[in-house]
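Undergrad: Just dropping this structure here.
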Amino acid sequence: MKQLLAVIGHPIHHSLSPAMHGAAIEALGLDAAYLAFDVAPEALGDAVRGLRAIGAIGFNVTLPHKETIVAHLDAIDDAARAIGAVNTVVREGARVVGTNTDARGLVRSLEEAGVALAGTRVVIAGAGGAARAAAYGIAQAGARSITIAARRPSQAEAIARDLGGVIDACALDAPRLLEGCDLLVQASSATLHADAGRELAGALPLATMPRGAAVIDLVYRPRVTAVLAAAESHGLRTVDGLGMLVHQGALALERWTGREAPVAIMRAALERALAAR
Ligand code: NDP
């Protein structure tokens, strides 16, 4: 019997996940389908009960359900609890369990790009959900220090307080923000927009980062954001946000199927889907 995988969100038409997972399912020869469902907030409980009843082997969760889904699941794991959001649900026997693959997906994409994390000093710009996942994943990977820098420092302080450990917080315009910083993670949504991206790129003191330091921008549309372009012009190593998207999907697929995900095929499918928009 064909197995069902899905993504639920509202709206959902923009999701690239069906293209990425569809290509993986085909490459692995799985008898499965990955479908996108638009689920309004008031229908979330019914949708989860429905997916459970028809035996879906797992599903992704996107905005606006990443936090509210928790009330409809049997359990969530440590990553989802620490990040405060679920992006992947896995069926385990009769139970549906929430996890979050964003943090590990980011770490895998940095590893793939040759960016080491153990013992490093990391600055994260932005203090939303992506910054929280980044801080959790990079702390787990053994960074020496992580500073979350936000235009509203109270937001960054809340993440630092919740996650604890090596994480602290400051204002985005703090003096000497990037001195001695091995890795800058651009995790704000500023670079989605040309003007805000240029403004942020101009405000970040990239020239003060050490030789050999790296910059990743989690925003993947555009692929080369204003911050990545500025980092390149300063001779810094750059990594775009597509790898995180690929690897969070690959980790989910591996949890659902127990098979190694065809990462290169998933990346190529995403690139095609992005180019078509
Ligand atoms: P949120 O809306 O939760 O948070 C956005 C953050 O960016 C907030 O801290 C916000 O600050 C800050 N911000 C927005 N505009 C500016 C600006 N002009 N200057 C400085 N800070 C700004 O979004 P997410 O954290 O969920 O996502 C952030 C970005 O990361 C998204 O654009 C998304 O595309 C990308 N992303 C990529 C993923 C991947 O797989 N590659 C996964 C998840 C996200 P304030 O609260 O003050 O507005």
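Letters A, B, ... go to the chains of the structure tokens in the order shown; residues in each chain start at 1; ligands are counted from 1 in the same order.
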Show me which residues are within 8 Å of ligand 1 counting only C-alpha atoms and all ligand atoms, and format the list as a PyMOL selection string.
TA: chain A and resi 102+105-106+125-132+150-152+155-156+172+186-192+196-197+199-200+217-221+240-246+248
Undergrad: If you run DSSP on this backbone, which residues of stretch 41-263 of chain A come out as helix (DSSP H, G or I), and could you give them as a ChimeraX atom specification?
TA: /A:41-53,68-72,78-83,102-112,129-140,153-163,190-192,194-203,206-208,226-233,242-257,263
Undergrad: With distances taken over only C-alpha atoms, which of A:Ile167, A:Ala213, A:Val107, A:Ala116 is nearest to A:Gly235?
TA: A:Ala213
Undergrad: Please determine, counting only C-alpha atoms, which residue among A:Ala71, A:Ile124, A:Ala158, A:Ala24 has the shortest atom-to-atom distance to A:Leu204.
TA: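 The closest residue to A:Leu204 is A:Ile124.
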Undergrad: Residues of stretch 9-38 of chain A in strand (DSSP E) according to DSSP, as a JSON list (two decimals) with N, CA and C atoms, in the first residue's frame?
TA:
```json
[["chain", "number", "residue", "atom", "x", "y", "z"],
["A", 9, "GLY", "N", 0.61, 23.43, 6.41],
["A", 9, "GLY", "CA", 0.89, 24.83, 6.72],
["A", 9, "GLY", "C", -0.27, 25.68, 6.23],
["A", 32, "ALA", "N", 5.59, 5.66, -2.09],
["A", 32, "ALA", "CA", 5.11, 6.68, -1.17],
["A", 32, "ALA", "C", 4.77, 7.94, -1.96],
["A", 33, "ALA", "N", 3.97, 8.79, -1.35],
["A", 33, "ALA", "CA", 3.65, 10.10, -1.94],
["A", 33, "ALA", "C", 3.82, 11.16, -0.86],
["A", 34, "TYR", "N", 4.34, 12.33, -1.26],
["A", 34, "TYR", "CA", 4.51, 13.47, -0.33],
["A", 34, "TYR", "C", 3.62, 14.58, -0.82],
["A", 35, "LEU", "N", 2.60, 14.92, -0.04],
["A", 35, "LEU", "CA", 1.60, 15.89, -0.49],
["A", 35, "LEU", "C", 1.55, 17.10, 0.44],
["A", 36, "ALA", "N", 1.21, 18.25, -0.14],
["A", 36, "ALA", "CA", 1.07, 19.48, 0.65],
["A", 36, "ALA", "C", -0.40, 19.72, 0.96],
["A", 37, "PHE", "N", -0.71, 20.03, 2.22],
["A", 37, "PHE", "CA", -2.08, 20.31, 2.63],
["A", 37, "PHE", "C", -2.16, 21.67, 3.30],
["A", 38, "ASP", "N", -3.08, 22.51, 2.81],
["A", 38, "ASP", "CA", -3.33, 23.80, 3.45],
["A", 38, "ASP", "C", -4.28, 23.57, 4.61]]
```
Undergrad: Rounded to one decimal in Å, what is the spacing between atom CA of A:Ala203 and atom CA of A:Ala134?
TA: 21.5 Å
Undergrad: Can I get the residues of stretch 8-104 of chain A within 10 Å of stretch 135-146 of chain A, each with the closest pair of atoms and their distance in Å to one decimal, using only C-alpha atoms, sorted chain first then ascending number, as a Markdown table?
TA:
```
| residue | atom | partner | partner_atom | distance |
| --- | --- | --- | --- | --- |
| A:Ala79 | CA | A:Tyr136 | CA | 7.9 |
| A:Ala82 | CA | A:Tyr136 | CA | 7.3 |
| A:Ile83 | CA | A:Tyr136 | CA | 6.9 |
| A:Thr101 | CA | A:Gly137 | CA | 9.4 |
| A:Asp102 | CA | A:Gly137 | CA | 8.2 |
| A:Ala103 | CA | A:Gly137 | CA | 4.3 |
| A:Arg104 | CA | A:Gly137 | CA | 5.7 |
```
Undergrad: Contacts of A:Ala6 at 10 Å or less, counting only C-alpha atoms, minus same-chain residues fewer than 3 places along, as a ChimeraX atom specification?
TA: /A:17-18,21,33-37,51,56-61,88-89
Undergrad: How about saving the chosen residues, all heavy atoms kept, as a compact mmCIF listing (two decimals), in the first residue's frame?
TA:
```
# COMPACT_ATOMS: atom_id res chain seq x y z
N SER A 17 8.99 21.82 -0.22
CA SER A 17 9.18 20.46 0.28
C SER A 17 8.62 19.37 -0.64
O SER A 17 9.27 18.33 -0.81
CB SER A 17 8.55 20.32 1.67
OG SER A 17 9.26 21.13 2.58
N PRO A 18 7.44 19.55 -1.28
CA PRO A 18 6.97 18.48 -2.17
C PRO A 18 7.95 18.20 -3.31
O PRO A 18 8.17 17.04 -3.67
CB PRO A 18 5.63 19.04 -2.69
CG PRO A 18 5.15 19.93 -1.59
CD PRO A 18 6.41 20.60 -1.07
N HIS A 21 11.09 16.34 -1.59
CA HIS A 21 10.81 14.98 -1.13
C HIS A 21 10.30 14.09 -2.26
O HIS A 21 10.56 12.89 -2.26
CB HIS A 21 9.83 15.02 0.04
CG HIS A 21 10.47 15.47 1.32
ND1 HIS A 21 11.40 14.72 1.98
CD2 HIS A 21 10.35 16.61 2.03
CE1 HIS A 21 11.81 15.36 3.07
NE2 HIS A 21 11.21 16.52 3.11
N ALA A 33 3.97 8.79 -1.35
CA ALA A 33 3.65 10.10 -1.94
C ALA A 33 3.82 11.16 -0.86
O ALA A 33 3.52 10.92 0.32
CB ALA A 33 2.21 10.12 -2.44
N TYR A 34 4.34 12.33 -1.26
CA TYR A 34 4.51 13.47 -0.33
C TYR A 34 3.62 14.58 -0.82
O TYR A 34 3.84 15.13 -1.90
CB TYR A 34 5.98 13.89 -0.30
CG TYR A 34 6.29 14.98 0.71
CD1 TYR A 34 6.96 14.67 1.89
CD2 TYR A 34 5.95 16.30 0.47
CE1 TYR A 34 7.26 15.66 2.82
CE2 TYR A 34 6.23 17.29 1.40
CZ TYR A 34 6.90 16.97 2.57
OH TYR A 34 7.19 17.95 3.50
N LEU A 35 2.60 14.92 -0.04
CA LEU A 35 1.60 15.89 -0.49
C LEU A 35 1.55 17.10 0.44
O LEU A 35 1.83 16.98 1.63
CB LEU A 35 0.22 15.23 -0.51
CG LEU A 35 0.07 13.98 -1.39
CD1 LEU A 35 -1.32 13.41 -1.25
CD2 LEU A 35 0.38 14.31 -2.85
N ALA A 36 1.21 18.25 -0.14
CA ALA A 36 1.07 19.48 0.65
C ALA A 36 -0.40 19.72 0.96
O ALA A 36 -1.25 19.62 0.07
CB ALA A 36 1.63 20.66 -0.15
N PHE A 37 -0.71 20.03 2.22
CA PHE A 37 -2.08 20.31 2.63
C PHE A 37 -2.16 21.67 3.30
O PHE A 37 -1.40 21.95 4.23
CB PHE A 37 -2.59 19.25 3.61
CG PHE A 37 -2.71 17.88 3.01
CD1 PHE A 37 -1.83 16.87 3.37
CD2 PHE A 37 -3.70 17.60 2.07
CE1 PHE A 37 -1.93 15.60 2.81
CE2 PHE A 37 -3.81 16.33 1.51
CZ PHE A 37 -2.92 15.33 1.88
N LEU A 51 -4.44 12.63 9.77
CA LEU A 51 -3.17 12.03 9.30
C LEU A 51 -2.85 10.79 10.13
O LEU A 51 -2.34 9.79 9.61
CB LEU A 51 -2.04 13.07 9.40
CG LEU A 51 -2.10 14.16 8.32
CD1 LEU A 51 -1.21 15.35 8.70
CD2 LEU A 51 -1.66 13.60 6.96
N ALA A 56 -0.51 8.01 8.00
CA ALA A 56 0.65 8.70 7.41
C ALA A 56 1.89 8.32 8.22
O ALA A 56 1.84 8.26 9.46
CB ALA A 56 0.44 10.21 7.45
N ILE A 57 3.01 8.05 7.54
CA ILE A 57 4.21 7.63 8.29
C ILE A 57 4.96 8.83 8.86
O ILE A 57 5.83 8.67 9.71
CB ILE A 57 5.16 6.74 7.46
CG1 ILE A 57 5.63 7.43 6.17
CG2 ILE A 57 4.51 5.40 7.16
CD1 ILE A 57 6.74 6.67 5.46
N GLY A 58 4.59 10.03 8.43
CA GLY A 58 5.19 11.22 9.01
C GLY A 58 4.79 12.44 8.20
O GLY A 58 4.24 12.31 7.10
N PHE A 59 5.05 13.61 8.77
CA PHE A 59 4.75 14.83 8.03
C PHE A 59 5.57 15.98 8.56
O PHE A 59 6.05 15.96 9.70
CB PHE A 59 3.26 15.15 8.02
CG PHE A 59 2.61 15.28 9.38
CD1 PHE A 59 2.44 16.51 9.97
CD2 PHE A 59 2.15 14.16 10.06
CE1 PHE A 59 1.83 16.64 11.21
CE2 PHE A 59 1.54 14.28 11.31
CZ PHE A 59 1.38 15.52 11.88
N ASN A 60 5.76 16.98 7.68
CA ASN A 60 6.41 18.24 8.08
C ASN A 60 5.34 19.24 8.49
O ASN A 60 4.19 19.17 8.05
CB ASN A 60 7.21 18.83 6.90
CG ASN A 60 8.49 18.07 6.64
OD1 ASN A 60 8.76 17.65 5.53
ND2 ASN A 60 9.30 17.91 7.67
N VAL A 61 5.80 20.18 9.30
CA VAL A 61 4.91 21.21 9.82
C VAL A 61 5.57 22.56 9.54
O VAL A 61 6.75 22.75 9.85
CB VAL A 61 4.75 21.06 11.35
CG1 VAL A 61 3.76 22.09 11.88
CG2 VAL A 61 4.32 19.65 11.71
N THR A 88 8.93 18.53 12.16
CA THR A 88 8.80 17.17 11.64
C THR A 88 8.05 16.32 12.65
O THR A 88 8.36 16.36 13.84
CB THR A 88 10.21 16.55 11.41
OG1 THR A 88 10.91 17.37 10.47
CG2 THR A 88 10.14 15.14 10.87
N VAL A 89 7.09 15.55 12.15
CA VAL A 89 6.35 14.62 13.02
C VAL A 89 6.60 13.20 12.50
O VAL A 89 6.55 12.95 11.29
CB VAL A 89 4.84 14.95 13.03
CG1 VAL A 89 4.06 13.90 13.81
CG2 VAL A 89 4.62 16.34 13.63
```
Undergrad: Taking only C-alpha atoms into account, name the residue in A:Ala207, A:Leu110, A:Val122, A:Ile265 that is nearest to A:Gly249.
TA: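 Among the listed residues, the smallest separation from A:Gly249 belongs to A:Ile265.
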Undergrad: Taking only C-alpha atoms into account, which of A:Ala194, A:Ala160, A:Leu28, A:Ala149 comes nearest A:Leu178?
TA: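 Closest to A:Leu178 of all the choices is A:Ala149.
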Undergrad: From the list A:His14, A:Arg176, A:Arg255, A:Arg121, which residue is nearest A:Val97 when using only C-alpha atoms?
TA: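 The answer is A:Arg255, which sits nearest to A:Val97.
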